[in-house]
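So this one's coords_23.csv, CSV, C-alpha atoms:
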```csv
chain,number,residue,atom,x,y,z
A,161,MET,CA,10.1,-53.2,31.1
A,162,LYS,CA,10.0,-49.4,31.5
A,163,ILE,CA,10.1,-47.2,28.4
A,164,TYR,CA,12.7,-44.9,30.0
A,165,THR,CA,16.1,-46.2,31.1
A,166,ARG,CA,18.0,-43.0,31.9
A,167,THR,CA,21.0,-44.5,30.2
A,168,GLY,CA,20.9,-41.9,27.5
A,169,ASP,CA,20.6,-38.9,29.8
A,170,ASP,CA,24.3,-38.1,29.3
A,171,GLY,CA,23.9,-37.8,25.5
A,172,GLN,CA,25.2,-41.3,24.7
A,173,THR,CA,23.3,-44.2,23.2
A,174,ALA,CA,24.0,-47.9,23.0
A,175,LEU,CA,24.5,-49.7,19.6
A,176,PHE,CA,23.4,-53.3,18.8
A,177,GLY,CA,26.3,-55.6,19.6
A,178,GLY,CA,27.8,-53.3,22.2
A,179,GLY,CA,29.4,-50.0,22.5
A,180,ARG,CA,28.1,-46.5,23.2
A,181,VAL,CA,28.3,-43.5,21.0
A,182,PRO,CA,27.2,-39.8,21.2
A,183,LYS,CA,23.6,-39.4,20.1
A,184,ASP,CA,24.7,-37.1,17.3
A,185,ALA,CA,27.1,-39.7,15.8
A,186,VAL,CA,26.9,-40.3,12.1
A,187,ARG,CA,25.6,-43.9,12.7
A,188,VAL,CA,22.9,-42.6,14.9
A,189,ALA,CA,21.9,-40.0,12.4
A,190,ALA,CA,21.6,-42.7,9.7
A,191,TYR,CA,19.4,-45.1,11.5
A,192,GLY,CA,17.5,-42.2,13.1
A,193,THR,CA,16.6,-40.8,9.8
A,194,VAL,CA,15.5,-44.2,8.5
A,195,ASP,CA,13.3,-44.4,11.6
A,196,GLU,CA,11.9,-41.0,10.8
A,197,LEU,CA,11.2,-42.1,7.2
A,198,ASN,CA,9.4,-45.1,8.6
A,199,ALA,CA,7.2,-42.8,10.7
A,200,VAL,CA,6.4,-40.6,7.8
A,201,LEU,CA,5.4,-43.6,5.8
A,202,GLY,CA,3.2,-44.7,8.6
A,203,TRP,CA,1.5,-41.3,8.5
A,204,SER,CA,1.3,-41.5,4.7
A,205,LEU,CA,-0.6,-44.7,4.9
A,206,THR,CA,-3.4,-42.9,6.7
A,207,VAL,CA,-4.0,-40.6,3.7
A,208,VAL,CA,-2.9,-42.7,0.6
A,209,VAL,CA,-6.1,-43.8,-1.2
A,210,ASP,CA,-4.6,-46.4,-3.6
A,211,ALA,CA,-4.8,-49.9,-2.0
A,212,ALA,CA,-1.9,-51.4,-4.0
A,213,SER,CA,0.4,-48.5,-3.0
A,214,ARG,CA,-0.6,-48.9,0.7
A,215,SER,CA,0.2,-52.6,0.6
A,216,ARG,CA,3.6,-51.9,-1.0
A,217,LEU,CA,4.4,-49.2,1.5
A,218,GLU,CA,3.5,-51.5,4.4
A,219,SER,CA,6.1,-54.0,3.0
A,220,VAL,CA,8.6,-51.2,2.8
A,221,GLN,CA,8.0,-50.3,6.4
A,222,HIS,CA,9.1,-53.7,7.5
A,223,ASP,CA,12.1,-53.5,5.3
A,224,LEU,CA,13.1,-50.2,6.8
A,225,PHE,CA,13.0,-51.7,10.3
A,226,ALA,CA,15.5,-54.3,9.1
A,227,ILE,CA,17.7,-51.6,7.5
A,228,GLY,CA,17.6,-49.6,10.7
A,229,SER,CA,18.8,-52.7,12.6
A,230,ALA,CA,21.7,-53.1,10.2
A,231,LEU,CA,22.6,-49.4,10.5
A,232,ALA,CA,22.4,-49.5,14.3
A,233,THR,CA,24.9,-52.4,14.4
A,234,PRO,CA,28.5,-51.4,14.1
A,235,PRO,CA,31.0,-53.7,12.3
A,236,PRO,CA,32.2,-56.5,14.6
A,237,ALA,CA,35.2,-55.5,16.8
A,238,GLU,CA,37.1,-56.9,19.6
A,239,GLY,CA,34.9,-57.1,22.7
A,240,ARG,CA,31.7,-56.7,20.7
A,241,ARG,CA,29.3,-59.5,20.0
A,242,SER,CA,27.6,-59.8,16.6
A,243,PRO,CA,23.9,-59.8,17.3
A,244,GLU,CA,21.5,-61.6,15.1
A,245,ILE,CA,19.7,-59.0,13.0
A,246,PRO,CA,17.3,-59.4,10.0
A,247,ALA,CA,19.0,-59.4,6.6
A,248,VAL,CA,18.8,-56.3,4.4
A,249,PRO,CA,16.0,-57.0,2.0
A,250,VAL,CA,18.0,-56.4,-1.2
A,251,GLU,CA,15.6,-58.4,-3.3
A,252,ARG,CA,13.1,-55.7,-2.8
A,253,VAL,CA,15.1,-53.4,-5.1
A,254,ASP,CA,14.1,-55.4,-8.2
A,255,GLU,CA,10.5,-55.5,-6.9
A,256,MET,CA,10.5,-51.7,-6.4
A,257,GLU,CA,11.7,-51.2,-10.0
A,258,ARG,CA,8.8,-53.4,-11.2
A,259,TRP,CA,6.4,-51.3,-9.2
A,260,ILE,CA,7.8,-48.1,-10.7
A,261,ASP,CA,7.6,-49.5,-14.2
A,262,GLU,CA,4.0,-50.6,-13.6
A,263,ALA,CA,3.0,-47.1,-12.4
A,264,ASP,CA,4.9,-45.4,-15.2
A,265,GLU,CA,2.7,-47.3,-17.7
A,266,GLU,CA,-0.3,-45.4,-16.3
A,267,LEU,CA,1.3,-42.0,-15.8
A,268,ALA,CA,1.7,-39.3,-18.4
A,269,PRO,CA,5.4,-38.8,-19.3
A,270,LEU,CA,7.2,-36.1,-17.3
A,271,ARG,CA,7.5,-32.9,-19.2
A,272,ALA,CA,8.2,-30.6,-16.3
A,273,PHE,CA,9.5,-30.6,-12.7
A,274,VAL,CA,6.8,-31.7,-10.3
A,275,LEU,CA,6.2,-29.7,-7.1
A,276,PRO,CA,5.2,-31.6,-3.9
A,277,GLY,CA,1.5,-31.4,-3.6
A,278,GLY,CA,-1.8,-32.3,-5.3
A,279,SER,CA,-3.8,-34.7,-3.2
A,280,PRO,CA,-3.2,-35.3,0.5
A,281,GLY,CA,-1.7,-38.7,-0.2
A,282,ALA,CA,0.6,-37.4,-2.9
A,283,ALA,CA,1.8,-34.6,-0.6
A,284,ALA,CA,2.5,-37.1,2.2
A,285,LEU,CA,4.5,-39.3,-0.2
A,286,HIS,CA,6.5,-36.3,-1.4
A,287,MET,CA,7.3,-35.6,2.3
A,288,ALA,CA,8.4,-39.2,2.7
A,289,ARG,CA,10.5,-38.9,-0.5
A,290,THR,CA,12.4,-35.9,0.9
A,291,VAL,CA,13.0,-37.7,4.2
A,292,CYS,CA,14.2,-40.7,2.2
A,293,ARG,CA,16.7,-38.5,0.4
A,294,ARG,CA,18.0,-37.2,3.7
A,295,ALA,CA,18.3,-40.8,4.9
A,296,GLU,CA,20.3,-41.5,1.8
A,297,ARG,CA,22.7,-38.6,2.5
A,298,ASP,CA,23.1,-39.8,6.1
A,299,VAL,CA,23.8,-43.4,5.0
A,300,VAL,CA,26.4,-42.2,2.5
A,301,ALA,CA,28.1,-40.1,5.2
A,302,LEU,CA,28.2,-43.2,7.4
A,303,ALA,CA,29.6,-45.4,4.6
A,304,ARG,CA,32.5,-42.9,4.2
A,305,GLU,CA,33.5,-43.7,7.8
A,306,GLU,CA,32.5,-47.3,8.4
A,307,ASP,CA,31.2,-50.3,6.5
A,308,VAL,CA,27.5,-50.3,5.8
A,309,ALA,CA,25.6,-53.5,5.0
A,310,ASP,CA,25.5,-54.3,1.3
A,311,GLY,CA,22.4,-53.0,-0.5
A,312,VAL,CA,21.4,-50.4,2.0
A,313,THR,CA,22.4,-47.4,-0.1
A,314,VAL,CA,20.8,-48.9,-3.3
A,315,TYR,CA,17.6,-49.7,-1.4
A,316,ILE,CA,17.2,-46.2,-0.1
A,317,ASN,CA,18.0,-44.6,-3.5
A,318,ARG,CA,15.5,-46.8,-5.3
A,319,LEU,CA,12.9,-46.2,-2.5
A,320,SER,CA,13.0,-42.4,-3.2
A,321,ASP,CA,12.3,-43.1,-6.8
A,322,LEU,CA,9.4,-45.3,-5.8
A,323,LEU,CA,8.0,-42.6,-3.5
A,324,PHE,CA,8.1,-40.0,-6.2
A,325,THR,CA,6.4,-42.3,-8.7
A,326,LEU,CA,3.7,-43.4,-6.1
A,327,ALA,CA,3.1,-39.7,-5.3
A,328,ARG,CA,2.3,-39.1,-9.0
A,329,LEU,CA,0.2,-42.2,-9.1
A,330,GLU,CA,-1.7,-41.1,-6.0
A,331,ASN,CA,-2.6,-37.8,-7.7
A,332,LEU,CA,-3.8,-39.8,-10.8
A,333,ARG,CA,-5.9,-42.1,-8.6
A,334,ALA,CA,-7.4,-39.1,-6.7
A,335,GLY,CA,-8.2,-37.3,-10.0
A,336,ARG,CA,-5.7,-34.5,-9.3
A,337,GLU,CA,-3.1,-33.1,-11.7
A,338,ASP,CA,0.6,-33.1,-10.6
A,339,VAL,CA,1.6,-29.6,-9.6
A,340,GLU,CA,4.1,-28.6,-12.2
A,341,TRP,CA,6.8,-26.1,-11.6
A,342,VAL,CA,6.5,-23.0,-13.8
A,343,LYS,CA,9.7,-21.0,-14.3
A,344,PRO,CA,9.3,-17.5,-12.9
A,345,GLY,CA,8.6,-15.0,-15.6
A,346,ALA,CA,7.2,-17.7,-17.9
A,347,ASP,CA,3.6,-17.6,-19.2
A,348,GLY,CA,1.3,-19.0,-16.6
A,349,ALA,CA,3.8,-18.4,-13.7
A,350,PRO,CA,2.1,-17.7,-10.4
```
Please render this file's structure as structure tokens.
Amino acid sequence: MKIYTRTGDDGQTALFGGGRVPKDAVRVAAYGTVDELNAVLGWSLTVVVDAASRSRLESVQHDLFAIGSALATPPPAEGRRSPEIPAVPVERVDEMERWIDEADEELAPLRAFVLPGGSPGAAALHMARTVCRRAERDVVALAREEDVADGVTVYINRLSDLLFTLARLENLRAGREDVEWVKPGADGAP
């Protein structure tokens, strides 16, 4: 099988289950941003030092592939087959909440806004968090136009919370302070 098909050279792409849409369609944006998030997580895994965080992020990568499949599959319509795709892993939402709670037990309470940065792993996780928020916006935009599989929006929302918390935990594990925002004009402002 060749990697190039030439079927998208006209600016259209195929969806799971049939049908073609423009490559800038809201559905394509949603699953494309989820794919981008998965790639950023893959990069993050190369710099995150905490083994438990890496293991959890690897699980999330598999989940995102399933979510991307759900997003790439339009609702059944006449003339379209319903392909078999993996289920959206909604049970992971409760697990992510437990992971967040476990990390929060170790972390100092938040007293200021946290800027992206600190250790390389934390900076990578903050980058993943911002891509996750964009994926959430794209999924919400899609949900305004078409049905989106149950649990996708909740999963993506909770994932961004997890990524923020894991970034803070990564700084703690690396012996780095979170980079706190200082209001311009305040004492200690850069």
Would you tabulate, counting all atoms listed in the file, all residues of range 315-341 of chain A that have an atom at most 12 Å from an atom of range 215-231 of chain A, showing the closest pair of atoms and their distance in Å to one decimal, sorted by chain then ascending number, as a Markdown table?
```
| residue | atom | partner | partner_atom | distance |
| --- | --- | --- | --- | --- |
| A:Tyr315 | CA | A:Ile227 | CA | 9.1 |
| A:Ile316 | CA | A:Leu224 | CA | 9.0 |
| A:Arg318 | CA | A:Val220 | CA | 11.5 |
| A:Leu319 | CA | A:Val220 | CA | 8.5 |
| A:Ser320 | CA | A:Val220 | CA | 11.5 |
| A:Leu322 | CA | A:Leu217 | CA | 9.7 |
| A:Leu323 | CA | A:Leu217 | CA | 9.0 |
| A:Leu326 | CA | A:Leu217 | CA | 9.6 |
| A:Ala327 | CA | A:Leu217 | CA | 11.8 |
```
Open item on the list: Using only C-alpha atoms, can you tell me which of A:Arg180, A:Arg166, A:Arg214, A:Arg187 comes closest to Gly281 in chain A?
Closed with: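 Looking at the shortest contact to Gly281 in chain A, the residue is A:Arg214.
Neighbouring residues of His286 in chain A at 12 Å or closer, counting only C-alpha atoms and skipping chain neighbours under 6 positions away, are Leu197, Val200, Leu201, Ser204, Val208, Val274, Leu275, Pro276, Gly277, Gly278, Ser279, Pro280, Cys292, Arg293, Leu319, Ser320, Asp321, Leu322, Leu323, Phe324, Thr325, Leu326, Ala327, Arg328, Leu329, Glu330, Asn331, Asp338 and Val339 of chain A.
Atom to atom, CA of Asp254 in chain A and CA of Val188 in chain A stand 27.8 Å apart.
Close to (8.3, -25.7, -17.7), meaning no more than 8 Å away when counting all atoms listed in the file, sit the residues Arg271, Ala272, Phe273, Glu340, Trp341, Val342 and Lys343 of chain A.
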Would you save the residues of that selection, restricted to C-alpha atoms, as a PDB file, keeping the file's coordinate frame?
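The result, written out as out-v3.pdb:
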```
ATOM      1  CA  ARG A 271       7.500 -32.900 -19.200  1.00  0.00           C
ATOM      2  CA  ALA A 272       8.200 -30.600 -16.300  1.00  0.00           C
ATOM      3  CA  PHE A 273       9.500 -30.600 -12.700  1.00  0.00           C
ATOM      4  CA  GLU A 340       4.100 -28.600 -12.200  1.00  0.00           C
ATOM      5  CA  TRP A 341       6.800 -26.100 -11.600  1.00  0.00           C
ATOM      6  CA  VAL A 342       6.500 -23.000 -13.800  1.00  0.00           C
ATOM      7  CA  LYS A 343       9.700 -21.000 -14.300  1.00  0.00           C
TER       8      LYS A 343
END
```
- [ ] Enter the distance from CA of Pro269 in chain A to CA of Arg336 in chain A, in Å, rounded to one decimal.
- [x]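 Taking CA of Pro269 in chain A and CA of Arg336 in chain A, their separation equals 15.5 Å.
The smallest atom-to-atom distance between Val253 in chain A and any of A:Ala232, A:Gly311, A:Met287, A:Thr165, using all atoms listed in the file, is found for A:Gly311.
Distances to Arg289 in chain A were evaluated for A:Leu205, A:Arg258, A:Asn317, A:Phe176 using only C-alpha atoms, and the minimum falls at A:Asn317.
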Task: Near-Val299 in chain A list (9 Å; only C-alpha atoms; drop same-chain fewer than 6 positions) as a ChimeraX atom specification - done: /A:186-187,189-191,231,308,312-313,316
Could you please take those selected residues and save C-alpha atoms as a PDB file, keeping the file's coordinate frame?
```pdb
ATOM      1  CA  VAL A 186      26.900 -40.300  12.100  1.00  0.00           C
ATOM      2  CA  ARG A 187      25.600 -43.900  12.700  1.00  0.00           C
ATOM      3  CA  ALA A 189      21.900 -40.000  12.400  1.00  0.00           C
ATOM      4  CA  ALA A 190      21.600 -42.700   9.700  1.00  0.00           C
ATOM      5  CA  TYR A 191      19.400 -45.100  11.500  1.00  0.00           C
ATOM      6  CA  LEU A 231      22.600 -49.400  10.500  1.00  0.00           C
ATOM      7  CA  VAL A 308      27.500 -50.300   5.800  1.00  0.00           C
ATOM      8  CA  VAL A 312      21.400 -50.400   2.000  1.00  0.00           C
ATOM      9  CA  THR A 313      22.400 -47.400  -0.100  1.00  0.00           C
ATOM     10  CA  ILE A 316      17.200 -46.200  -0.100  1.00  0.00           C
TER      11      ILE A 316
END
```
Task: Selected residue of minimal separation from Asp195 in chain A among A:Ala284, A:Leu332, A:Val314, A:Val291, counting all atoms listed in the file - done: A:Val291
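The closest residue to Thr193 in chain A, picked from A:Ala309, A:Ala303, A:Pro246, A:Asp298 and counting only C-alpha atoms, is A:Asp298.
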